[in-house]
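Everything below belongs to upload.tsv, which stores TSV, C-alpha atoms.
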```
chain	number	residue	atom	x	y	z
A	233	MET	CA	10.83	22.86	-51.12
A	234	GLN	CA	8.47	20.62	-53.13
A	235	LEU	CA	8.78	21.37	-56.85
A	236	GLU	CA	5.78	23.40	-57.98
A	237	ILE	CA	4.79	20.96	-60.71
A	238	ILE	CA	4.90	18.07	-58.23
A	239	SER	CA	2.72	20.03	-55.79
A	240	LYS	CA	0.29	20.61	-58.65
A	241	LEU	CA	0.31	16.93	-59.55
A	242	ILE	CA	-0.32	15.99	-55.92
A	243	ASN	CA	-3.20	18.45	-55.86
A	244	ARG	CA	-4.73	16.88	-58.97
A	245	PHE	CA	-4.46	13.36	-57.56
A	246	GLN	CA	-6.24	14.55	-54.43
A	247	LYS	CA	-9.34	15.10	-56.57
A	248	LEU	CA	-9.75	11.34	-56.85
A	249	PRO	CA	-12.14	9.89	-54.24
A	250	GLY	CA	-10.58	9.00	-50.89
A	251	VAL	CA	-7.10	10.26	-51.82
A	252	GLY	CA	-5.39	12.39	-49.17
A	253	TYR	CA	-2.10	14.26	-49.38
A	254	LYS	CA	0.22	11.35	-48.54
A	255	THR	CA	-1.42	8.96	-51.01
A	256	ALA	CA	-1.44	11.65	-53.72
A	257	GLN	CA	2.25	12.27	-53.07
A	258	ARG	CA	2.95	8.57	-53.47
A	259	TYR	CA	1.08	8.51	-56.79
A	260	ALA	CA	2.83	11.67	-58.01
A	261	TYR	CA	6.27	10.20	-57.24
A	262	ALA	CA	5.27	6.97	-58.99
A	263	ILE	CA	4.31	8.97	-62.10
A	264	VAL	CA	7.69	10.72	-62.10
A	265	ASP	CA	9.38	7.31	-61.76
A	266	MET	CA	7.39	5.74	-64.62
A	267	ASP	CA	8.82	5.73	-68.11
A	268	GLU	CA	7.45	8.34	-70.46
A	269	SER	CA	5.51	5.98	-72.71
A	270	SER	CA	3.59	4.59	-69.70
A	271	VAL	CA	2.58	8.08	-68.62
A	272	GLU	CA	1.46	8.92	-72.15
A	273	ASP	CA	-0.49	5.68	-72.37
A	274	PHE	CA	-2.09	6.46	-68.99
A	275	CYS	CA	-3.16	9.92	-70.18
A	276	ASN	CA	-4.45	8.64	-73.50
A	277	THR	CA	-6.55	6.05	-71.71
A	278	LEU	CA	-7.94	8.73	-69.37
A	279	LEU	CA	-8.85	11.05	-72.25
A	280	THR	CA	-10.29	8.28	-74.40
A	281	ALA	CA	-12.39	7.00	-71.52
A	282	LYS	CA	-13.67	10.48	-70.79
A	283	ALA	CA	-14.42	11.12	-74.47
A	284	THR	CA	-16.15	7.83	-75.26
A	285	VAL	CA	-17.98	6.84	-72.09
A	286	GLN	CA	-21.38	8.43	-71.69
A	287	TYR	CA	-24.53	7.58	-69.80
A	288	CYS	CA	-27.16	5.44	-71.47
A	289	ASP	CA	-30.23	7.58	-72.34
A	290	CYS	CA	-32.50	4.90	-71.05
A	291	CYS	CA	-30.99	3.26	-67.95
A	292	GLY	CA	-28.26	5.75	-67.04
A	293	ASN	CA	-25.52	3.11	-66.91
A	294	PHE	CA	-22.10	3.74	-68.49
A	295	SER	CA	-22.20	3.17	-72.23
A	296	ASP	CA	-20.13	3.85	-75.31
A	297	LYS	CA	-23.27	4.51	-77.35
A	298	SER	CA	-26.28	6.70	-76.62
A	299	THR	CA	-28.23	3.58	-75.60
A	300	CYS	CA	-26.37	0.79	-73.83
A	301	SER	CA	-26.14	-2.80	-75.04
A	302	ILE	CA	-28.35	-4.11	-72.22
A	303	CYS	CA	-31.19	-1.69	-73.00
A	304	ILE	CA	-30.97	-2.47	-76.73
A	305	LYS	CA	-30.66	-6.25	-76.64
A	306	ARG	CA	-32.41	-7.41	-73.52
A	307	ASN	CA	-36.05	-8.28	-73.56
A	308	SER	CA	-37.41	-8.07	-70.04
A	309	THR	CA	-40.31	-6.46	-68.23
A	310	THR	CA	-38.43	-6.26	-64.95
A	311	ILE	CA	-36.33	-3.22	-64.05
A	312	VAL	CA	-33.72	-3.46	-61.30
A	313	VAL	CA	-33.14	-0.04	-59.71
A	314	VAL	CA	-29.62	0.54	-58.36
A	315	ALA	CA	-27.75	3.52	-56.97
A	316	TYR	CA	-24.50	3.30	-58.97
A	317	PRO	CA	-23.11	1.70	-62.16
A	318	LYS	CA	-20.88	-0.58	-60.07
A	319	ASP	CA	-24.02	-2.18	-58.62
A	320	VAL	CA	-25.06	-3.18	-62.15
A	321	LEU	CA	-21.75	-4.99	-62.52
A	322	ALA	CA	-22.28	-6.89	-59.26
A	323	LEU	CA	-25.80	-7.91	-60.27
A	324	GLU	CA	-24.70	-8.86	-63.79
A	325	LYS	CA	-22.32	-11.40	-62.25
A	326	VAL	CA	-25.42	-13.22	-60.96
A	327	GLY	CA	-26.96	-12.92	-64.43
A	328	THR	CA	-30.33	-11.42	-63.51
A	329	GLY	CA	-31.42	-11.16	-67.14
A	330	HIS	CA	-33.35	-8.01	-66.26
A	331	LEU	CA	-33.13	-4.38	-67.31
A	332	TYR	CA	-31.53	-1.83	-65.02
A	333	HIS	CA	-32.05	1.72	-63.92
A	334	VAL	CA	-29.12	3.58	-62.39
A	335	LEU	CA	-30.12	6.42	-60.06
A	336	HIS	CA	-26.60	7.85	-59.74
A	337	GLY	CA	-26.93	8.36	-56.02
A	338	THR	CA	-29.37	8.00	-53.16
A	339	LEU	CA	-31.54	10.58	-51.45
A	340	SER	CA	-29.45	12.24	-48.77
A	341	PRO	CA	-30.76	15.42	-47.14
A	342	LEU	CA	-27.53	15.63	-45.13
A	343	GLU	CA	-25.41	15.77	-48.27
A	344	GLY	CA	-27.96	17.92	-50.07
A	345	ARG	CA	-29.06	15.28	-52.59
A	346	GLY	CA	-32.78	15.62	-53.21
A	347	VAL	CA	-35.31	14.06	-55.54
A	348	ASN	CA	-34.14	16.05	-58.55
A	349	ASP	CA	-30.50	15.11	-58.08
A	350	ILE	CA	-30.97	11.43	-58.80
A	351	ARG	CA	-32.60	9.84	-61.85
A	352	ILE	CA	-36.09	9.25	-60.42
A	353	LYS	CA	-37.99	11.16	-63.13
A	354	GLU	CA	-36.32	9.02	-65.78
A	355	LEU	CA	-37.46	5.90	-63.93
A	356	LEU	CA	-41.07	7.08	-63.80
A	357	ALA	CA	-40.92	7.81	-67.54
A	358	ARG	CA	-40.08	4.20	-68.44
A	359	VAL	CA	-41.94	2.33	-65.73
A	360	ASP	CA	-45.21	1.88	-67.67
A	361	LYS	CA	-43.44	-0.68	-69.90
A	362	ALA	CA	-42.43	-2.72	-66.84
A	363	GLU	CA	-44.29	-5.38	-64.90
A	364	GLU	CA	-41.97	-5.41	-61.94
A	365	VAL	CA	-39.50	-3.00	-60.38
A	366	ILE	CA	-36.89	-4.55	-58.07
A	367	ILE	CA	-35.33	-1.89	-55.86
A	368	ALA	CA	-31.72	-2.87	-55.18
A	369	THR	CA	-30.34	0.05	-53.22
A	370	ASN	CA	-27.98	-0.66	-50.30
A	371	PRO	CA	-29.60	-1.69	-47.00
A	372	ASP	CA	-28.38	1.44	-45.20
A	373	VAL	CA	-30.30	4.52	-44.06
A	374	GLU	CA	-30.06	6.40	-47.35
A	375	GLY	CA	-30.65	3.31	-49.48
A	376	GLU	CA	-33.72	2.37	-47.44
A	377	ALA	CA	-35.14	5.89	-47.57
A	378	THR	CA	-34.61	6.02	-51.33
A	379	ALA	CA	-36.28	2.62	-51.75
A	380	MET	CA	-39.29	3.69	-49.67
A	381	TYR	CA	-39.63	6.96	-51.56
A	382	ILE	CA	-39.49	5.27	-54.97
A	383	ALA	CA	-41.93	2.57	-53.85
A	384	LYS	CA	-44.39	5.31	-52.84
A	385	LEU	CA	-44.01	7.12	-56.18
A	386	LEU	CA	-44.61	3.86	-58.07
A	387	LYS	CA	-47.86	3.08	-56.21
A	388	PRO	CA	-50.14	4.75	-58.83
A	389	PHE	CA	-48.53	2.73	-61.65
A	390	ASN	CA	-49.70	-0.76	-62.45
A	391	VAL	CA	-46.39	-2.33	-61.47
A	392	LYS	CA	-45.21	-4.77	-58.84
A	393	VAL	CA	-42.54	-3.19	-56.62
A	394	THR	CA	-40.13	-5.46	-54.75
A	395	ARG	CA	-36.98	-5.05	-52.71
A	396	LEU	CA	-33.96	-7.36	-52.42
A	397	ALA	CA	-34.35	-9.83	-49.54
A	398	GLN	CA	-32.48	-8.97	-46.38
A	399	GLY	CA	-31.08	-11.59	-44.04
A	400	ILE	CA	-27.90	-13.25	-42.95
A	401	SER	CA	-25.14	-13.46	-45.57
A	402	MET	CA	-23.62	-16.73	-46.73
A	403	GLY	CA	-20.71	-17.74	-44.53
A	404	SER	CA	-21.56	-15.32	-41.75
A	405	ASP	CA	-22.17	-16.20	-38.11
A	406	ILE	CA	-25.63	-15.95	-36.58
A	407	GLU	CA	-23.83	-15.26	-33.30
A	408	TYR	CA	-22.33	-12.06	-34.71
A	409	ALA	CA	-25.25	-10.91	-36.88
A	410	ASP	CA	-26.72	-7.57	-35.78
A	411	GLU	CA	-30.26	-7.43	-34.44
A	412	ILE	CA	-31.84	-5.72	-37.43
A	413	THR	CA	-30.37	-8.28	-39.82
A	414	LEU	CA	-31.55	-11.15	-37.63
A	415	ALA	CA	-35.02	-9.63	-37.25
A	416	ARG	CA	-35.29	-9.24	-41.03
A	417	ALA	CA	-34.02	-12.78	-41.56
A	418	ILE	CA	-36.76	-14.13	-39.29
A	419	GLU	CA	-39.39	-11.88	-40.85
A	420	GLY	CA	-38.47	-13.00	-44.36
A	421	ARG	CA	-38.04	-16.71	-43.52
A	422	ILE	CA	-38.94	-19.18	-46.27
A	423	GLU	CA	-40.34	-22.70	-46.13
A	424	ILE	CA	-37.91	-25.50	-47.03
B	218	MET	CA	-20.12	-6.48	-68.96
B	219	GLN	CA	-17.62	-3.75	-68.01
B	220	LEU	CA	-16.98	-1.45	-70.97
B	221	GLU	CA	-13.62	-2.26	-72.51
B	222	ILE	CA	-12.28	1.28	-72.17
B	223	ILE	CA	-13.27	1.34	-68.48
B	224	SER	CA	-11.51	-2.00	-67.91
B	225	LYS	CA	-8.46	-0.51	-69.58
B	226	LEU	CA	-8.64	2.60	-67.40
B	227	ILE	CA	-8.96	0.42	-64.28
B	228	ASN	CA	-5.93	-1.54	-65.41
B	229	ARG	CA	-3.91	1.67	-65.82
B	230	PHE	CA	-4.85	2.96	-62.38
B	231	GLN	CA	-3.73	-0.36	-60.90
B	232	LYS	CA	-0.19	0.56	-61.95
B	233	LEU	CA	-0.10	3.19	-59.21
B	234	PRO	CA	1.44	1.94	-55.95
B	235	GLY	CA	-0.95	0.20	-53.56
B	236	VAL	CA	-3.95	0.44	-55.88
B	237	GLY	CA	-6.00	-2.76	-56.21
B	238	TYR	CA	-8.93	-3.50	-58.49
B	239	LYS	CA	-11.67	-1.96	-56.34
B	240	THR	CA	-9.77	1.28	-55.72
B	241	ALA	CA	-8.84	1.52	-59.40
B	242	GLN	CA	-12.49	1.02	-60.32
B	243	ARG	CA	-13.48	3.82	-57.98
B	244	TYR	CA	-10.90	6.15	-59.57
B	245	ALA	CA	-11.99	5.16	-63.09
B	246	TYR	CA	-15.64	5.92	-62.31
B	247	ALA	CA	-14.61	9.25	-60.77
B	248	ILE	CA	-12.75	10.14	-63.97
B	249	VAL	CA	-15.83	9.36	-66.07
B	250	ASP	CA	-17.91	11.51	-63.70
B	251	MET	CA	-15.48	14.48	-63.85
B	252	ASP	CA	-16.06	17.22	-66.38
B	253	GLU	CA	-13.92	17.12	-69.48
B	254	SER	CA	-11.79	20.15	-68.66
B	255	SER	CA	-10.76	18.63	-65.30
B	256	VAL	CA	-9.66	15.41	-66.99
B	257	GLU	CA	-7.70	17.39	-69.58
B	258	ASP	CA	-6.10	19.48	-66.84
B	259	PHE	CA	-5.24	16.28	-64.94
B	260	CYS	CA	-3.56	14.77	-68.01
B	261	ASN	CA	-1.69	17.96	-68.84
B	262	THR	CA	-0.34	18.10	-65.30
B	263	LEU	CA	0.75	14.46	-65.51
B	264	LEU	CA	2.53	14.97	-68.83
B	265	THR	CA	4.14	18.26	-67.79
B	266	ALA	CA	5.38	16.72	-64.54
B	267	LYS	CA	6.80	13.74	-66.40
B	268	ALA	CA	8.44	16.00	-68.99
B	269	THR	CA	9.95	18.56	-66.63
B	270	VAL	CA	10.88	16.64	-63.50
B	271	GLN	CA	14.26	14.96	-63.64
B	272	TYR	CA	16.79	13.76	-61.12
B	273	CYS	CA	19.50	16.12	-59.93
B	274	ASP	CA	22.88	15.05	-61.37
B	275	CYS	CA	24.49	15.58	-58.01
B	276	CYS	CA	22.15	14.50	-55.21
B	277	GLY	CA	19.54	12.50	-57.17
B	278	ASN	CA	16.58	14.42	-55.75
B	279	PHE	CA	13.72	15.58	-57.98
B	280	SER	CA	14.62	18.72	-59.85
B	281	ASP	CA	13.42	20.78	-62.78
B	282	LYS	CA	16.99	21.52	-63.80
B	283	SER	CA	19.98	19.23	-64.28
B	284	THR	CA	21.30	20.31	-60.86
B	285	CYS	CA	18.79	21.02	-58.10
B	286	SER	CA	18.49	24.30	-56.23
B	287	ILE	CA	19.83	22.82	-52.98
B	288	CYS	CA	23.02	21.50	-54.63
B	289	ILE	CA	23.57	24.82	-56.41
B	290	LYS	CA	22.89	27.24	-53.59
B	291	ARG	CA	23.73	25.48	-50.36
B	292	ASN	CA	27.17	25.68	-48.90
B	293	SER	CA	27.68	22.76	-46.56
B	294	THR	CA	30.21	20.02	-45.97
B	295	THR	CA	27.64	17.66	-44.52
B	296	ILE	CA	25.73	15.23	-46.73
B	297	VAL	CA	22.52	13.62	-45.44
B	298	VAL	CA	21.96	10.27	-47.15
B	299	VAL	CA	18.29	9.26	-47.55
B	300	ALA	CA	16.49	6.48	-49.36
B	301	TYR	CA	13.77	8.47	-51.18
B	302	PRO	CA	13.03	12.06	-52.30
B	303	LYS	CA	10.13	12.23	-49.82
B	304	ASP	CA	12.66	11.85	-47.00
B	305	VAL	CA	14.39	15.03	-48.19
B	306	LEU	CA	11.07	16.85	-47.83
B	307	ALA	CA	10.63	15.60	-44.27
B	308	LEU	CA	14.17	16.65	-43.31
B	309	GLU	CA	13.83	20.03	-45.04
B	310	LYS	CA	10.90	20.79	-42.72
B	311	VAL	CA	13.39	20.67	-39.85
B	312	GLY	CA	15.71	22.88	-41.87
B	313	THR	CA	18.92	20.86	-41.64
B	314	GLY	CA	20.86	23.28	-43.84
B	315	HIS	CA	22.85	20.34	-45.19
B	316	LEU	CA	23.26	18.79	-48.61
B	317	TYR	CA	21.44	15.57	-49.48
B	318	HIS	CA	22.07	12.38	-51.33
B	319	VAL	CA	19.07	10.33	-52.46
B	320	LEU	CA	19.79	6.62	-52.90
B	321	HIS	CA	16.45	5.84	-54.59
B	322	GLY	CA	15.98	2.69	-52.60
B	323	THR	CA	17.63	0.51	-50.00
B	324	LEU	CA	19.60	-2.69	-50.35
B	325	SER	CA	17.13	-5.56	-50.43
B	326	PRO	CA	18.32	-8.99	-51.49
B	327	LEU	CA	14.76	-10.28	-51.17
B	328	GLU	CA	13.47	-7.79	-53.71
B	329	GLY	CA	16.60	-8.15	-55.82
B	330	ARG	CA	17.98	-4.65	-55.16
B	331	GLY	CA	21.73	-4.80	-54.94
B	332	VAL	CA	24.56	-2.33	-54.63
B	333	ASN	CA	24.37	-1.25	-58.28
B	334	ASP	CA	20.63	-0.58	-58.13
B	335	ILE	CA	20.88	2.31	-55.69
B	336	ARG	CA	23.00	5.44	-56.00
B	337	ILE	CA	25.97	4.39	-53.87
B	338	LYS	CA	28.64	4.95	-56.54
B	339	GLU	CA	27.41	8.53	-56.95
B	340	LEU	CA	27.77	9.05	-53.20
B	341	LEU	CA	31.35	7.79	-53.18
B	342	ALA	CA	32.15	10.12	-56.08
B	343	ARG	CA	31.18	13.23	-54.13
B	344	VAL	CA	32.16	12.22	-50.59
B	345	ASP	CA	35.71	13.63	-50.72
B	346	LYS	CA	34.26	17.13	-50.60
B	347	ALA	CA	32.34	16.33	-47.40
B	348	GLU	CA	33.40	16.41	-43.77
B	349	GLU	CA	30.45	14.46	-42.44
B	350	VAL	CA	27.94	11.98	-43.88
B	351	ILE	CA	24.72	11.54	-41.88
B	352	ILE	CA	22.99	8.33	-42.86
B	353	ALA	CA	19.24	8.85	-42.54
B	354	THR	CA	17.73	5.64	-43.85
B	355	ASN	CA	14.69	4.19	-42.07
B	356	PRO	CA	15.38	2.22	-38.88
B	357	ASP	CA	14.10	-1.05	-40.38
B	358	VAL	CA	16.01	-4.13	-41.53
B	359	GLU	CA	16.75	-2.86	-45.03
B	360	GLY	CA	17.50	0.69	-43.91
B	361	GLU	CA	19.88	-0.57	-41.21
B	362	ALA	CA	21.65	-2.92	-43.59
B	363	THR	CA	22.06	-0.14	-46.14
B	364	ALA	CA	23.42	2.21	-43.47
B	365	MET	CA	25.94	-0.39	-42.28
B	366	TYR	CA	27.06	-1.14	-45.82
B	367	ILE	CA	27.55	2.52	-46.70
B	368	ALA	CA	29.38	3.18	-43.43
B	369	LYS	CA	31.78	0.36	-44.28
B	370	LEU	CA	32.38	1.72	-47.77
B	371	LEU	CA	33.08	5.20	-46.36
B	372	LYS	CA	35.71	3.94	-43.88
B	373	PRO	CA	38.71	4.58	-46.21
B	374	PHE	CA	37.59	8.18	-46.82
B	375	ASN	CA	38.54	10.94	-44.47
B	376	VAL	CA	34.95	11.60	-43.43
B	377	LYS	CA	32.92	11.36	-40.25
B	378	VAL	CA	29.98	8.97	-40.68
B	379	THR	CA	26.97	9.30	-38.36
B	380	ARG	CA	23.49	7.84	-38.15
B	381	LEU	CA	20.26	9.49	-36.95
B	382	ALA	CA	19.69	8.89	-33.23
B	383	GLN	CA	17.20	6.19	-32.36
B	384	GLY	CA	15.01	6.29	-29.28
B	385	ILE	CA	11.49	6.93	-28.10
B	386	SER	CA	9.42	9.34	-30.23
B	387	MET	CA	7.88	12.51	-28.85
B	388	GLY	CA	4.41	11.87	-27.46
B	389	SER	CA	4.84	8.09	-27.34
B	390	ASP	CA	4.45	5.85	-24.29
B	391	ILE	CA	7.46	4.15	-22.71
B	392	GLU	CA	4.99	1.47	-21.66
B	393	TYR	CA	4.24	0.61	-25.28
B	394	ALA	CA	7.70	1.16	-26.77
B	395	ASP	CA	9.23	-2.00	-28.23
B	396	GLU	CA	12.32	-3.51	-26.67
B	397	ILE	CA	14.76	-2.57	-29.44
B	398	THR	CA	13.66	1.06	-29.34
B	399	LEU	CA	13.96	1.17	-25.54
B	400	ALA	CA	17.36	-0.51	-25.63
B	401	ARG	CA	18.60	2.04	-28.18
B	402	ALA	CA	17.13	4.90	-26.15
B	403	ILE	CA	19.06	3.75	-23.10
B	404	GLU	CA	22.22	3.13	-25.10
B	405	GLY	CA	22.04	6.61	-26.66
B	406	ARG	CA	21.04	8.45	-23.47
B	407	ILE	CA	22.29	12.00	-23.10
B	408	GLU	CA	23.24	14.07	-20.08
B	409	ILE	CA	20.81	16.85	-19.11
```
So that I can check it, write out the structure of this file as structure tokens.
Amino acid sequence: MQLEIISKLINRFQKLPGVGYKTAQRYAYAIVDMDESSVEDFCNTLLTAKATVQYCDCCGNFSDKSTCSICIKRNSTTIVVVAYPKDVLALEKVGTGHLYHVLHGTLSPLEGRGVNDIRIKELLARVDKAEEVIIATNPDVEGEATAMYIAKLLKPFNVKVTRLAQGISMGSDIEYADEITLARAIEGRIEI
Amino acid sequence: MQLEIISKLINRFQKLPGVGYKTAQRYAYAIVDMDESSVEDFCNTLLTAKATVQYCDCCGNFSDKSTCSICIKRNSTTIVVVAYPKDVLALEKVGTGHLYHVLHGTLSPLEGRGVNDIRIKELLARVDKAEEVIIATNPDVEGEATAMYIAKLLKPFNVKVTRLAQGISMGSDIEYADEITLARAIEGRIEI
């Protein structure tokens, strides 16, 4: 008894990540309840974003030009390698001052993502201009495997390869820290 | 450092119900990652839905005509009153065979929704053709208050007013049922 166009709208919303039927239905009903100008504005924003946002030729981050503002303006010999554009945002909040390289994924044999599916070749092509490569993939199985693989590939190049420190997070409890985190925190201890 | 158009897209996604910044960001990135034809199709569906879906003049449910197919075709003297269009869908699965009346909300002084903000007047205008009104608002504070209010308004009309039975749900545990539910289940017990 659902109207066909509403079913179609629900189906389209389900293409967004993590959106199931009930959530999509909620969104579809909200769209029908919105006033027409809001829906038009929403669609225009979607289309404009899709039309203008591209990937930077150099680092692979989102950009509105063929080369992004960081790659053009920033003068650094350190490249921070991340899995996704959102990781660049998080690191930029700290103000690293470095260049970035976005892989657009991690190696994941289970999900069928191999070496050619992420931007490793592009990293190797620009690494000779760098003095240091900081690998900032997530400290999970896939992130670790990707970091190890990239580190191995970078061995022949004259470049220092580092990884983000692992240890206990600010504000967390040692009591509740898992064993691997604690072991890494002890391993990477620093003199004070 | 977020691109302006992406910030704008995130902002637009945040207008959907229950979508915070992180979720909106995830959706925005997914849109940028989609191919262009999918985004166009998504927007066309949104605009078509907004342009074609209206509210039925009679029952207030979603419809692609001025009067919905249920109001036109169905011959019944029972009106089921619900808060939202999605409730009609749920009841249609059971196949009530009755007519509906969608209030588009419940009375909620806290959220500033009063008698004139939901479709109560429209219900009173059509109730003289009915023999029974089944009030099927949610069994929460607002739903109960709305049901009581409508029941009071319908008193002067020559119509039977009923409310959905309340009790323990199929598959639930009596052990974990709350006291109000159990009390209502006992109160509404039926002979077998």
Contacts of Val344 of chain B at 12 Å (all atoms listed in the file; same-chain gap of 3+ positions) as number ranges by chain
B: 275-276, 294-298, 316-318, 337-341, 347-351, 367-368, 370-378
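Of the listed residues B:Lys290, B:Arg330, B:His315, B:Arg229, the one whose atoms come nearest to chain A is B:Arg229, with distances taken using only C-alpha atoms.
The closest residue to Ser239 of chain A, picked from B:Tyr238, B:Thr284, B:Cys273, B:Leu306 and counting all atoms listed in the file, is B:Leu306.
Pairwise distance (atom CA of Ile350 of chain A, atom CA of Thr338 of chain A) equals 6.8 Å.
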Find the residues near Ala260 of chain A: any atom within 9 Å, counting only C-alpha atoms, skip ones fewer than 4 places away on the same chain, and give them as a ChimeraX atom specification.
/A:238-239,241-242,245,255-256,264-265 /B:263,266
Within 8 Å of Thr277 of chain A, counting all atoms listed in the file, which residues qualify if same-chain residues fewer than 2 places away don't, as a ChimeraX atom specification?
/A:273-275,279-281 /B:222,225-226,229
Restricting the calculation to all atoms listed in the file, which member of B:Leu320, B:Ala362, B:Ala353, B:Ala307 is positioned closest to chain A?
B:Ala307
At what distance in Å, to one decimal, does atom CA of Gly337 of chain A lie from atom CA of Ala379 of chain A?
11.8 Å
